[in-house]
$ cat upload-v9.tsv   # TSV, N, CA and C atoms
chain	number	residue	atom	x	y	z
A	284	MET	N	-44.57	19.34	6.06
A	284	MET	CA	-43.29	19.97	5.79
A	284	MET	C	-43.31	21.40	6.33
A	285	ILE	N	-42.19	21.78	6.90
A	285	ILE	CA	-42.01	23.13	7.43
A	285	ILE	C	-40.88	23.79	6.66
A	286	LYS	N	-41.08	25.05	6.27
A	286	LYS	CA	-40.03	25.79	5.59
A	286	LYS	C	-40.04	27.22	6.11
A	287	PHE	N	-38.86	27.68	6.51
A	287	PHE	CA	-38.75	29.07	6.95
A	287	PHE	C	-37.35	29.59	6.61
A	288	GLU	N	-37.23	30.90	6.62
A	288	GLU	CA	-35.94	31.53	6.30
A	288	GLU	C	-35.62	32.60	7.33
A	289	LEU	N	-34.33	32.72	7.61
A	289	LEU	CA	-33.87	33.70	8.59
A	289	LEU	C	-32.69	34.48	8.01
A	290	PRO	N	-32.64	35.78	8.26
A	290	PRO	CA	-31.52	36.58	7.76
A	290	PRO	C	-30.29	36.45	8.66
A	291	ILE	N	-29.66	35.28	8.61
A	291	ILE	CA	-28.48	35.01	9.43
A	291	ILE	C	-27.26	34.99	8.52
A	292	LYS	N	-26.24	35.73	8.90
A	292	LYS	CA	-24.98	35.73	8.15
A	292	LYS	C	-24.06	34.71	8.83
A	293	THR	N	-23.89	33.58	8.18
A	293	THR	CA	-23.07	32.53	8.76
A	293	THR	C	-21.60	32.90	8.67
A	294	GLY	N	-20.82	32.34	9.59
A	294	GLY	CA	-19.39	32.58	9.59
A	294	GLY	C	-18.69	31.66	8.59
A	295	ALA	N	-17.37	31.64	8.68
A	295	ALA	CA	-16.56	30.84	7.77
A	295	ALA	C	-16.35	29.43	8.29
A	296	GLY	N	-17.17	29.01	9.22
A	296	GLY	CA	-17.07	27.65	9.74
A	296	GLY	C	-15.80	27.44	10.53
A	297	LEU	N	-15.07	26.40	10.18
A	297	LEU	CA	-13.86	26.06	10.91
A	297	LEU	C	-12.76	27.09	10.72
A	298	ASN	N	-12.84	27.89	9.68
A	298	ASN	CA	-11.82	28.91	9.41
A	298	ASN	C	-12.21	30.28	9.96
A	299	ASP	N	-13.25	30.36	10.76
A	299	ASP	CA	-13.69	31.64	11.32
A	299	ASP	C	-12.63	32.18	12.28
A	300	ARG	N	-12.33	33.43	12.15
A	300	ARG	CA	-11.33	34.07	13.01
A	300	ARG	C	-12.02	35.06	13.93
A	301	GLY	N	-11.32	35.47	14.96
A	301	GLY	CA	-11.85	36.44	15.90
A	301	GLY	C	-11.67	35.96	17.32
A	302	HIS	N	-12.00	36.80	18.26
A	302	HIS	CA	-11.88	36.47	19.67
A	302	HIS	C	-12.86	35.35	20.02
A	303	TRP	N	-12.44	34.43	20.86
A	303	TRP	CA	-13.28	33.27	21.19
A	303	TRP	C	-14.60	33.68	21.82
A	304	ARG	N	-14.59	34.75	22.61
A	304	ARG	CA	-15.82	35.17	23.28
A	304	ARG	C	-16.83	35.73	22.28
A	305	ALA	N	-16.36	36.49	21.29
A	305	ALA	CA	-17.25	37.03	20.26
A	305	ALA	C	-17.83	35.90	19.41
A	306	ARG	N	-17.00	34.90	19.07
A	306	ARG	CA	-17.50	33.75	18.29
A	306	ARG	C	-18.53	32.97	19.09
A	307	ALA	N	-18.28	32.79	20.39
A	307	ALA	CA	-19.22	32.05	21.24
A	307	ALA	C	-20.54	32.80	21.37
A	308	ARG	N	-20.48	34.11	21.50
A	308	ARG	CA	-21.70	34.92	21.62
A	308	ARG	C	-22.54	34.82	20.34
A	309	LYS	N	-21.87	34.88	19.18
A	309	LYS	CA	-22.56	34.78	17.89
A	309	LYS	C	-23.19	33.40	17.74
A	310	ALA	N	-22.46	32.34	18.09
A	310	ALA	CA	-22.98	30.98	17.98
A	310	ALA	C	-24.18	30.78	18.91
A	311	LYS	N	-24.11	31.31	20.11
A	311	LYS	CA	-25.21	31.18	21.06
A	311	LYS	C	-26.46	31.91	20.55
A	312	HIS	N	-26.26	33.09	19.97
A	312	HIS	CA	-27.38	33.86	19.42
A	312	HIS	C	-28.04	33.10	18.27
A	313	GLU	N	-27.22	32.56	17.35
A	313	GLU	CA	-27.77	31.80	16.21
A	313	GLU	C	-28.53	30.57	16.70
A	314	ARG	N	-27.95	29.85	17.65
A	314	ARG	CA	-28.58	28.62	18.16
A	314	ARG	C	-29.92	28.93	18.82
A	315	ASN	N	-29.94	29.95	19.67
A	315	ASN	CA	-31.19	30.31	20.36
A	315	ASN	C	-32.25	30.82	19.39
A	316	THR	N	-31.84	31.61	18.40
A	316	THR	CA	-32.79	32.13	17.41
A	316	THR	C	-33.41	30.99	16.61
A	317	LEU	N	-32.58	30.09	16.10
A	317	LEU	CA	-33.09	28.95	15.32
A	317	LEU	C	-34.00	28.08	16.16
A	318	CYS	N	-33.63	27.86	17.42
A	318	CYS	CA	-34.45	27.03	18.29
A	318	CYS	C	-35.84	27.64	18.49
A	319	ARG	N	-35.89	28.94	18.78
A	319	ARG	CA	-37.18	29.59	19.01
A	319	ARG	C	-38.05	29.60	17.76
A	320	VAL	N	-37.46	29.92	16.62
A	320	VAL	CA	-38.23	29.96	15.37
A	320	VAL	C	-38.71	28.56	14.99
A	321	ALA	N	-37.82	27.57	15.07
A	321	ALA	CA	-38.20	26.20	14.73
A	321	ALA	C	-39.30	25.69	15.66
A	322	ARG	N	-39.20	26.00	16.95
A	322	ARG	CA	-40.26	25.57	17.90
A	322	ARG	C	-41.61	26.18	17.55
A	323	SER	N	-41.61	27.44	17.14
A	323	SER	CA	-42.89	28.07	16.80
A	323	SER	C	-43.52	27.39	15.59
A	324	TYR	N	-42.70	27.00	14.60
A	324	TYR	CA	-43.24	26.29	13.44
A	324	TYR	C	-43.62	24.85	13.80
A	325	LEU	N	-42.82	24.20	14.64
A	325	LEU	CA	-43.13	22.82	15.03
A	325	LEU	C	-44.39	22.75	15.88
A	326	TRP	N	-44.68	23.82	16.62
A	326	TRP	CA	-45.89	23.86	17.43
A	326	TRP	C	-47.12	23.90	16.52
A	327	GLN	N	-47.01	24.62	15.40
A	327	GLN	CA	-48.13	24.72	14.46
A	327	GLN	C	-48.26	23.47	13.60
A	328	THR	N	-47.12	22.90	13.18
A	328	THR	CA	-47.11	21.73	12.30
A	328	THR	C	-46.13	20.70	12.87
A	329	PRO	N	-46.60	19.81	13.73
A	329	PRO	CA	-45.68	18.83	14.33
A	329	PRO	C	-45.08	17.91	13.26
A	330	ILE	N	-43.82	17.59	13.44
A	330	ILE	CA	-43.09	16.69	12.54
A	330	ILE	C	-42.76	15.42	13.31
A	331	LYS	N	-43.07	14.28	12.70
A	331	LYS	CA	-42.74	13.01	13.33
A	331	LYS	C	-41.34	12.58	12.90
A	332	LEU	N	-40.59	12.08	13.86
A	332	LEU	CA	-39.26	11.56	13.56
A	332	LEU	C	-39.38	10.15	13.03
A	333	PRO	N	-38.53	9.69	12.18
A	333	PRO	CA	-37.32	10.33	11.66
A	333	PRO	C	-37.64	11.44	10.66
A	334	ALA	N	-36.70	12.38	10.57
A	334	ALA	CA	-36.93	13.56	9.73
A	334	ALA	C	-35.69	13.89	8.90
A	335	VAL	N	-35.92	14.74	7.90
A	335	VAL	CA	-34.84	15.26	7.07
A	335	VAL	C	-34.84	16.77	7.23
A	336	VAL	N	-33.68	17.33	7.58
A	336	VAL	CA	-33.54	18.78	7.72
A	336	VAL	C	-32.55	19.26	6.66
A	337	THR	N	-33.01	20.20	5.84
A	337	THR	CA	-32.16	20.77	4.80
A	337	THR	C	-31.93	22.24	5.11
A	338	MET	N	-30.66	22.64	5.14
A	338	MET	CA	-30.30	24.04	5.38
A	338	MET	C	-29.58	24.56	4.15
A	339	VAL	N	-30.09	25.65	3.59
A	339	VAL	CA	-29.50	26.26	2.40
A	339	VAL	C	-28.98	27.64	2.79
A	340	ARG	N	-27.68	27.82	2.63
A	340	ARG	CA	-27.04	29.09	2.95
A	340	ARG	C	-27.01	29.95	1.69
A	341	HIS	N	-27.51	31.18	1.81
A	341	HIS	CA	-27.45	32.15	0.72
A	341	HIS	C	-26.38	33.17	1.12
A	342	GLY	N	-25.36	33.32	0.30
A	342	GLY	CA	-24.30	34.25	0.63
A	342	GLY	C	-23.51	34.65	-0.60
A	343	ALA	N	-22.72	35.72	-0.46
A	343	ALA	CA	-21.95	36.23	-1.58
A	343	ALA	C	-20.75	35.34	-1.89
A	344	GLY	N	-20.15	34.76	-0.88
A	344	GLY	CA	-19.01	33.88	-1.08
A	344	GLY	C	-19.44	32.43	-1.10
A	345	VAL	N	-18.61	31.59	-1.68
A	345	VAL	CA	-18.92	30.15	-1.72
A	345	VAL	C	-17.93	29.44	-0.80
A	346	MET	N	-18.42	28.62	0.11
A	346	MET	CA	-17.58	27.87	1.03
A	346	MET	C	-17.48	26.42	0.55
A	347	ASP	N	-16.36	25.79	0.86
A	347	ASP	CA	-16.27	24.37	0.53
A	347	ASP	C	-17.16	23.59	1.50
A	348	HIS	N	-17.36	22.32	1.23
A	348	HIS	CA	-18.35	21.54	1.99
A	348	HIS	C	-18.03	21.47	3.49
A	349	ASP	N	-16.75	21.34	3.85
A	349	ASP	CA	-16.38	21.27	5.27
A	349	ASP	C	-16.77	22.55	6.00
A	350	ASN	N	-16.44	23.68	5.40
A	350	ASN	CA	-16.75	24.96	6.04
A	350	ASN	C	-18.24	25.25	6.01
A	351	LEU	N	-18.95	24.74	5.02
A	351	LEU	CA	-20.40	24.93	4.96
A	351	LEU	C	-21.05	24.28	6.16
A	352	GLN	N	-20.67	23.04	6.46
A	352	GLN	CA	-21.22	22.36	7.63
A	352	GLN	C	-20.82	23.07	8.92
A	353	GLY	N	-19.57	23.50	9.00
A	353	GLY	CA	-19.10	24.21	10.19
A	353	GLY	C	-19.80	25.55	10.37
A	354	GLY	N	-20.05	26.25	9.28
A	354	GLY	CA	-20.73	27.55	9.35
A	354	GLY	C	-22.19	27.43	9.78
A	355	LEU	N	-22.80	26.27	9.51
A	355	LEU	CA	-24.20	26.06	9.88
A	355	LEU	C	-24.34	25.22	11.16
A	356	LYS	N	-23.24	25.00	11.88
A	356	LYS	CA	-23.26	24.14	13.07
A	356	LYS	C	-24.19	24.67	14.15
A	357	SER	N	-24.14	25.94	14.47
A	357	SER	CA	-25.01	26.47	15.52
A	357	SER	C	-26.47	26.46	15.08
A	358	CYS	N	-26.72	26.60	13.78
A	358	CYS	CA	-28.09	26.48	13.26
A	358	CYS	C	-28.58	25.05	13.46
A	359	ARG	N	-27.73	24.08	13.15
A	359	ARG	CA	-28.06	22.66	13.34
A	359	ARG	C	-28.36	22.37	14.80
A	360	ASP	N	-27.54	22.92	15.71
A	360	ASP	CA	-27.76	22.69	17.14
A	360	ASP	C	-29.10	23.27	17.59
A	361	GLY	N	-29.45	24.45	17.07
A	361	GLY	CA	-30.73	25.07	17.45
A	361	GLY	C	-31.92	24.27	16.97
A	362	ILE	N	-31.84	23.72	15.77
A	362	ILE	CA	-32.94	22.91	15.25
A	362	ILE	C	-33.05	21.61	16.03
A	363	ALA	N	-31.90	21.02	16.35
A	363	ALA	CA	-31.91	19.79	17.16
A	363	ALA	C	-32.53	20.06	18.54
A	364	ASP	N	-32.21	21.21	19.13
A	364	ASP	CA	-32.83	21.58	20.41
A	364	ASP	C	-34.34	21.67	20.28
A	365	ALA	N	-34.81	22.27	19.20
A	365	ALA	CA	-36.25	22.41	18.99
A	365	ALA	C	-36.93	21.05	18.80
A	366	LEU	N	-36.23	20.13	18.15
A	366	LEU	CA	-36.78	18.78	17.94
A	366	LEU	C	-36.66	17.92	19.20
A	367	GLY	N	-35.87	18.38	20.17
A	367	GLY	CA	-35.70	17.64	21.42
A	367	GLY	C	-34.76	16.45	21.28
A	368	ILE	N	-33.78	16.55	20.39
A	368	ILE	CA	-32.83	15.46	20.18
A	368	ILE	C	-31.40	16.00	20.20
A	369	ASN	N	-30.45	15.08	20.24
A	369	ASN	CA	-29.04	15.43	20.08
A	369	ASN	C	-28.79	15.58	18.59
A	370	ASP	N	-27.95	16.53	18.19
A	370	ASP	CA	-27.74	16.75	16.75
A	370	ASP	C	-27.00	15.59	16.08
A	371	GLY	N	-26.44	14.67	16.86
A	371	GLY	CA	-25.79	13.49	16.30
A	371	GLY	C	-26.70	12.29	16.21
A	372	SER	N	-27.97	12.46	16.56
A	372	SER	CA	-28.93	11.36	16.55
A	372	SER	C	-29.18	10.85	15.13
A	373	ASP	N	-29.43	9.56	15.02
A	373	ASP	CA	-29.74	9.00	13.70
A	373	ASP	C	-31.20	9.21	13.33
A	374	GLN	N	-31.96	9.92	14.16
A	374	GLN	CA	-33.36	10.22	13.87
A	374	GLN	C	-33.52	11.33	12.84
A	375	VAL	N	-32.43	12.09	12.60
A	375	VAL	CA	-32.48	13.21	11.66
A	375	VAL	C	-31.36	13.08	10.64
A	376	GLU	N	-31.71	13.24	9.38
A	376	GLU	CA	-30.71	13.30	8.30
A	376	GLU	C	-30.50	14.77	7.98
A	377	TRP	N	-29.26	15.23	8.07
A	377	TRP	CA	-28.92	16.63	7.85
A	377	TRP	C	-28.39	16.80	6.43
A	378	ARG	N	-28.95	17.76	5.71
A	378	ARG	CA	-28.50	18.07	4.35
A	378	ARG	C	-28.12	19.55	4.28
A	379	TYR	N	-27.08	19.82	3.50
A	379	TYR	CA	-26.56	21.18	3.39
A	379	TYR	C	-26.45	21.58	1.92
A	380	ALA	N	-26.70	22.84	1.64
A	380	ALA	CA	-26.53	23.38	0.29
A	380	ALA	C	-26.25	24.88	0.43
A	381	GLN	N	-25.81	25.45	-0.67
A	381	GLN	CA	-25.59	26.89	-0.67
A	381	GLN	C	-25.92	27.48	-2.03
A	382	VAL	N	-26.34	28.74	-2.01
A	382	VAL	CA	-26.70	29.47	-3.20
A	382	VAL	C	-25.96	30.80	-3.16
A	383	LYS	N	-25.37	31.14	-4.27
A	383	LYS	CA	-24.66	32.42	-4.34
A	383	LYS	C	-25.67	33.53	-4.63
A	384	CYS	N	-25.53	34.64	-3.91
A	384	CYS	CA	-26.43	35.77	-4.11
A	384	CYS	C	-25.62	37.06	-4.01
A	385	LYS	N	-26.29	38.19	-4.15
A	385	LYS	CA	-25.62	39.48	-4.09
A	385	LYS	C	-25.08	39.74	-2.69
A	386	ARG	N	-24.02	40.50	-2.61
A	386	ARG	CA	-23.41	40.85	-1.33
A	386	ARG	C	-24.43	41.59	-0.46
A	387	GLY	N	-24.51	41.20	0.79
A	387	GLY	CA	-25.42	41.83	1.74
A	387	GLY	C	-26.81	41.21	1.79
A	388	GLN	N	-27.08	40.22	0.96
A	388	GLN	CA	-28.40	39.58	0.95
A	388	GLN	C	-28.29	38.16	1.51
A	389	TYR	N	-27.63	38.01	2.65
A	389	TYR	CA	-27.43	36.71	3.25
A	389	TYR	C	-28.72	36.18	3.86
A	390	LEU	N	-28.81	34.85	3.93
A	390	LEU	CA	-30.04	34.19	4.36
A	390	LEU	C	-29.76	32.72	4.61
A	391	VAL	N	-30.50	32.13	5.54
A	391	VAL	CA	-30.48	30.68	5.73
A	391	VAL	C	-31.91	30.18	5.60
A	392	VAL	N	-32.13	29.25	4.67
A	392	VAL	CA	-33.45	28.67	4.46
A	392	VAL	C	-33.44	27.25	5.03
A	393	VAL	N	-34.40	26.97	5.90
A	393	VAL	CA	-34.47	25.67	6.58
A	393	VAL	C	-35.75	24.96	6.17
A	394	THR	N	-35.62	23.69	5.82
A	394	THR	CA	-36.76	22.84	5.52
A	394	THR	C	-36.70	21.62	6.42
A	395	ILE	N	-37.81	21.33	7.11
A	395	ILE	CA	-37.90	20.16	7.98
A	395	ILE	C	-39.08	19.33	7.50
A	396	GLU	N	-38.83	18.06	7.22
A	396	GLU	CA	-39.93	17.17	6.80
A	396	GLU	C	-39.71	15.77	7.33
A	397	SER	N	-40.80	15.08	7.56
A	397	SER	CA	-40.72	13.69	8.00
A	397	SER	C	-40.16	12.83	6.88
A	398	ARG	N	-39.38	11.84	7.22
A	398	ARG	CA	-38.81	10.96	6.21
A	398	ARG	C	-39.89	10.10	5.55
A	399	THR	N	-41.04	9.98	6.19
A	399	THR	CA	-42.13	9.16	5.66
A	399	THR	C	-42.98	9.90	4.65
A	400	GLU	N	-42.81	11.22	4.52
A	400	GLU	CA	-43.63	12.01	3.60
A	400	GLU	C	-43.24	11.75	2.16

$ encode --input "upload-v9.tsv" --output "structure tokens"
Amino acid sequence: MIKFELPIKTGAGLNDRGHWRARARKAKHERNTLCRVARSYLWQTPIKLPAVVTMVRHGAGVMDHDNLQGGLKSCRDGIADALGINDGSDQVEWRYAQVKCKRGQYLVVVTIESRTE
């Protein structure tokens, strides 16, 4: 099992507003960051597919389930890149959760484990 956390402030998912170029730049940064961090952990502790990936968003506001998945989409894409699969593959089960915390203490906690464990 691999577990790591990153200080990423996720957006509002499908309801995120702003210029398209700024949103694209933020999504690209999140995706690349998650990919690099996940690859470094996967290099130390290889995970065999099929796997379960759990992402827990820590933030001051609470998002509904649709926006939670949308807000973590670029994180999901980065982890899928690190695993070398498409994020729609049936080799990975994606789970989402969120925890309310104090304002300014945002975080994303990622857990990756083989389904056979």

$ closest_residue --input "upload-v9.tsv" --among "A:Thr399, A:Val335, A:Gln388, A:Gly354" --to "Ser372 (chain A)" --atoms "only C-alpha atoms"
A:Val335

$ closest_residue --input "upload-v9.tsv" --among "A:Arg386, A:Pro333, A:Leu355, A:Ala310" --to "Gln374 (chain A)" --atoms "only N, CA and C atoms"
A:Pro333

$ select_by_dssp --input "upload-v9.tsv" --residues "region 291-385 of chain A" --states "strand (DSSP E)" --output "ChimeraX atom specification"
/A:334-342,375-383

$ closest_residue --input "upload-v9.tsv" --among "A:Met346, A:Arg306, A:Lys286, A:Asn315" --to "Cys358 (chain A)" --atoms "only C-alpha atoms"
A:Asn315

$ atom_distance --input "upload-v9.tsv" --atom1 "atom N of Gly367 (chain A)" --atom2 "atom C of Tyr324 (chain A)"
11.9 Å

$ residues_around --input "upload-v9.tsv" --residues "Leu289 (chain A)" --least-positions-apart "5" --cutoff "6.5 Å" --atoms "all atoms listed in the file" --output "list in words"
Tyr389, Leu390, Val391, Val392 and Val393 of chain A

$ select_by_dssp --input "upload-v9.tsv" --residues "chain A" --states "helix (DSSP H, G or I)" --output "number ranges by chain"
A: 296-298, 303-327, 348-354, 356-366

$ closest_residue --input "upload-v9.tsv" --among "A:Ile291, A:Met284, A:Cys318, A:Ala365" --to "Gly387 (chain A)" --atoms "only C-alpha atoms"
A:Ile291

$ closest_residue --input "upload-v9.tsv" --among "A:Ser397, A:Phe287, A:Glu376, A:Lys292" --to "His341 (chain A)" --atoms "only N, CA and C atoms"
A:Lys292

$ atom_distance --input "upload-v9.tsv" --atom1 "CA of His348 (chain A)" --atom2 "CA of Lys385 (chain A)"
20.3 Å

$ closest_residue --input "upload-v9.tsv" --among "A:Ile368, A:Ile285, A:Val382, A:Val375" --to "Val345 (chain A)" --atoms "all atoms listed in the file"
A:Val382

$ atom_distance --input "upload-v9.tsv" --atom1 "CA of Trp326 (chain A)" --atom2 "CA of Leu366 (chain A)"
10.4 Å

$ axis_aligned_box --input "upload-v9.tsv" --around "region 358-366 of chain A" --padding-each-side "5 Å" --output "AutoDock Vina command-line options"
--center_x -31.8 --center_y 22.3 --center_z 16.8 --size_x 20.2 --size_y 18.7 --size_z 17.3

$ decode --input "upload-v9.tsv" --residues "region 326-376 of chain A" --atoms "C-alpha atoms" --output "PDB file, in the first residue's frame"
ATOM      1  CA  TRP A 326       9.136   3.052  -8.033  1.00  0.00           C
ATOM      2  CA  GLN A 327       9.849   2.280  -4.357  1.00  0.00           C
ATOM      3  CA  THR A 328       6.750   0.095  -3.801  1.00  0.00           C
ATOM      4  CA  PRO A 329       5.347  -1.379  -7.030  1.00  0.00           C
ATOM      5  CA  ILE A 330       1.588  -1.968  -7.065  1.00  0.00           C
ATOM      6  CA  LYS A 331       0.091  -4.789  -9.090  1.00  0.00           C
ATOM      7  CA  LEU A 332      -3.106  -4.131 -10.992  1.00  0.00           C
ATOM      8  CA  PRO A 333      -6.022  -4.316 -10.398  1.00  0.00           C
ATOM      9  CA  ALA A 334      -5.823  -1.591  -7.784  1.00  0.00           C
ATOM     10  CA  VAL A 335      -7.949   0.686  -5.624  1.00  0.00           C
ATOM     11  CA  VAL A 336      -7.118   4.401  -5.500  1.00  0.00           C
ATOM     12  CA  THR A 337      -8.684   6.514  -2.760  1.00  0.00           C
ATOM     13  CA  MET A 338      -8.428  10.304  -2.856  1.00  0.00           C
ATOM     14  CA  VAL A 339      -9.483  12.303   0.205  1.00  0.00           C
ATOM     15  CA  ARG A 340      -9.895  16.049  -0.207  1.00  0.00           C
ATOM     16  CA  HIS A 341      -9.296  18.175   2.899  1.00  0.00           C
ATOM     17  CA  GLY A 342     -10.854  21.610   2.561  1.00  0.00           C
ATOM     18  CA  ALA A 343     -12.840  24.303   4.327  1.00  0.00           C
ATOM     19  CA  GLY A 344     -15.892  23.948   2.088  1.00  0.00           C
ATOM     20  CA  VAL A 345     -17.871  20.805   1.395  1.00  0.00           C
ATOM     21  CA  MET A 346     -18.604  19.873  -2.230  1.00  0.00           C
ATOM     22  CA  ASP A 347     -21.359  17.583  -3.401  1.00  0.00           C
ATOM     23  CA  HIS A 348     -20.307  14.248  -4.879  1.00  0.00           C
ATOM     24  CA  ASP A 349     -20.398  15.401  -8.531  1.00  0.00           C
ATOM     25  CA  ASN A 350     -18.152  18.376  -7.877  1.00  0.00           C
ATOM     26  CA  LEU A 351     -15.867  16.302  -5.654  1.00  0.00           C
ATOM     27  CA  GLN A 352     -15.090  13.971  -8.554  1.00  0.00           C
ATOM     28  CA  GLY A 353     -14.724  16.914 -10.935  1.00  0.00           C
ATOM     29  CA  GLY A 354     -12.414  18.759  -8.537  1.00  0.00           C
ATOM     30  CA  LEU A 355     -10.141  15.711  -8.281  1.00  0.00           C
ATOM     31  CA  LYS A 356     -10.198  14.926 -12.036  1.00  0.00           C
ATOM     32  CA  SER A 357      -6.699  16.194 -12.813  1.00  0.00           C
ATOM     33  CA  CYS A 358      -5.378  14.332  -9.747  1.00  0.00           C
ATOM     34  CA  ARG A 359      -7.025  11.153 -11.074  1.00  0.00           C
ATOM     35  CA  ASP A 360      -5.461  11.717 -14.501  1.00  0.00           C
ATOM     36  CA  GLY A 361      -1.999  12.157 -12.964  1.00  0.00           C
ATOM     37  CA  ILE A 362      -2.262   8.940 -10.960  1.00  0.00           C
ATOM     38  CA  ALA A 363      -3.513   7.066 -14.027  1.00  0.00           C
ATOM     39  CA  ASP A 364      -0.506   8.408 -15.970  1.00  0.00           C
ATOM     40  CA  ALA A 365       1.824   7.133 -13.246  1.00  0.00           C
ATOM     41  CA  LEU A 366       0.169   3.696 -13.335  1.00  0.00           C
ATOM     42  CA  GLY A 367       0.470   3.662 -17.136  1.00  0.00           C
ATOM     43  CA  ILE A 368      -3.264   3.241 -17.772  1.00  0.00           C
ATOM     44  CA  ASN A 369      -6.239   5.228 -19.020  1.00  0.00           C
ATOM     45  CA  ASP A 370      -8.237   6.698 -16.115  1.00  0.00           C
ATOM     46  CA  GLY A 371     -11.355   4.961 -17.472  1.00  0.00           C
ATOM     47  CA  SER A 372      -9.744   1.519 -17.286  1.00  0.00           C
ATOM     48  CA  ASP A 373     -11.478  -1.186 -15.283  1.00  0.00           C
ATOM     49  CA  GLN A 374      -8.080  -2.070 -13.761  1.00  0.00           C
ATOM     50  CA  VAL A 375      -8.506   0.682 -11.149  1.00  0.00           C
ATOM     51  CA  GLU A 376     -11.394   1.367  -8.794  1.00  0.00           C
TER      52      GLU A 376
END
